[in-house]
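**Q** Have a look at the structure that comes next, please.
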Amino acid sequence: MKTDSLFYELFKLHPESLFGLAGLKADGKYAFESITVKTTEKRMDGFFRRTDGSGADIFLEVQGYDDTEIYWRLFQEIFTHYAQTGSRKPFAAVILFLDKKYDPKNCPVKKFTSPNRLIRLYLSKCLKAIGDKAGPLTVLKPLIFSDKEKLPQAVPKWKSEIDSLRMSESTEKLLIDLLENAIISRFPKMTFEEIQKMIHYTPIEKTVVGQELIQMGMNEGILNGV
């Protein structure tokens, strides 16, 4: 799964995640959709359509490589969409850079008429702001994880965060699948078998047998006056 597809699947499942990632408060309800600009035949990475009221629609571009024309292309696609649909709703253009180095910082538009706006997001900064908070965005945490040696400890923790959400079995399975794909995207030499072993690994002290052994050890210590 490509990285942009990972975001597509996450936001399709849970559109509110974009606001959590950006640290913004949603002022209405949104539906995530896939739209294609007819003149370029390019599918935008994400379109969040406001489903209540007349608030802004959100256009999302996920950028994970160098492209000095990214701002030009994004606005071209947004303006073409408005020309094709006749919509007059305000917009928010969101560019999510997987790494700050991919931002060419050459946006041709310096000022927007409110409430139209441009929002730049850097994935690492966004996820660090979230910290250890559990949520669907947990599936993105591997993308900024650098120490492969610590994956065996990190993966079960991410799995536990997803479990704590208490979602339906099908939704949880999808989130686990996205987590696996995020790990593969970050560490492409790893196999799914290696990752699944980490995900389904349970430390001995967390198992029933392990807890019984710990209790037996404690009881023995008490009997021996330890």
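How things are named: the first chain in the structure tokens is A, the next is B, and so on; residues count from 1 in each chain; ligands count from 1 in the order shown.
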Using only C-alpha atoms, what does the table of segment 104-166 of chain A residues within 12 Å of segment 57-64 of chain A look like, with each row giving the shortest atom pair and its distance in Å to one decimal, sorted by chain and ascending number, as JSON lines?

**A**
```
{"residue": "A:Pro104", "atom": "CA", "partner": "A:Gln63", "partner_atom": "CA", "distance": 10.9}
{"residue": "A:Pro115", "atom": "CA", "partner": "A:Asp57", "partner_atom": "CA", "distance": 10.7}
{"residue": "A:Asn116", "atom": "CA", "partner": "A:Asp57", "partner_atom": "CA", "distance": 9.5}
{"residue": "A:Arg117", "atom": "CA", "partner": "A:Ile58", "partner_atom": "CA", "distance": 9.7}
{"residue": "A:Leu118", "atom": "CA", "partner": "A:Phe59", "partner_atom": "CA", "distance": 9.7}
{"residue": "A:Ile119", "atom": "CA", "partner": "A:Leu60", "partner_atom": "CA", "distance": 9.5}
{"residue": "A:Arg120", "atom": "CA", "partner": "A:Glu61", "partner_atom": "CA", "distance": 10.0}
{"residue": "A:Leu121", "atom": "CA", "partner": "A:Val62", "partner_atom": "CA", "distance": 9.5}
{"residue": "A:Tyr122", "atom": "CA", "partner": "A:Gln63", "partner_atom": "CA", "distance": 9.7}
{"residue": "A:Leu123", "atom": "CA", "partner": "A:Val62", "partner_atom": "CA", "distance": 9.8}
{"residue": "A:Leu143", "atom": "CA", "partner": "A:Gly64", "partner_atom": "CA", "distance": 11.0}
```

**Q** Name the residues of segment 84-202 of chain A that fall into helix (DSSP H, G or I) according to DSSP on the backbone, using the chain letters and numbers of this document, as a ChimeraX atom specification.

**A** /A:84-85,100-102,123-130,136-144,148-163,169-186,192-200

**Q** So that I can see what lies close to Pro136 of chain A, please list as JSON, numbers by chain the residues with an atom at most 12 Å from it, counting only C-alpha atoms and leaving out residues fewer than 6 positions away in the same chain.

**A** {"A": [7, 9, 10, 11, 12, 13, 14, 15, 16, 17, 18, 19, 20, 21, 127, 130, 158, 159, 160, 161, 162, 163, 164, 165, 166, 167, 171, 172, 173, 174, 175, 176, 177, 178, 179]}

**Q** As a ChimeraX atom specification, please: every residue in segment 39-128 of chain A that a backbone DSSP assignment puts in strand (DSSP E or B).

**A** /A:42-43,46-50,57-63,91-97,117-122

**Q** Find the spatial neighbours of segment 29-38 of chain A, counting only C-alpha atoms, within a cut-off of 10 Å - ignore same-chain residues fewer than 2 positions away - and output them as a ChimeraX atom specification.

**A** /A:8-16,26-27,40-53,55-59,76-82,84

**Q** So how far away is atom CA of Tyr102 of chain A from atom CA of Val155 of chain A, in Å?

**A**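 The value is 27.1 Å.
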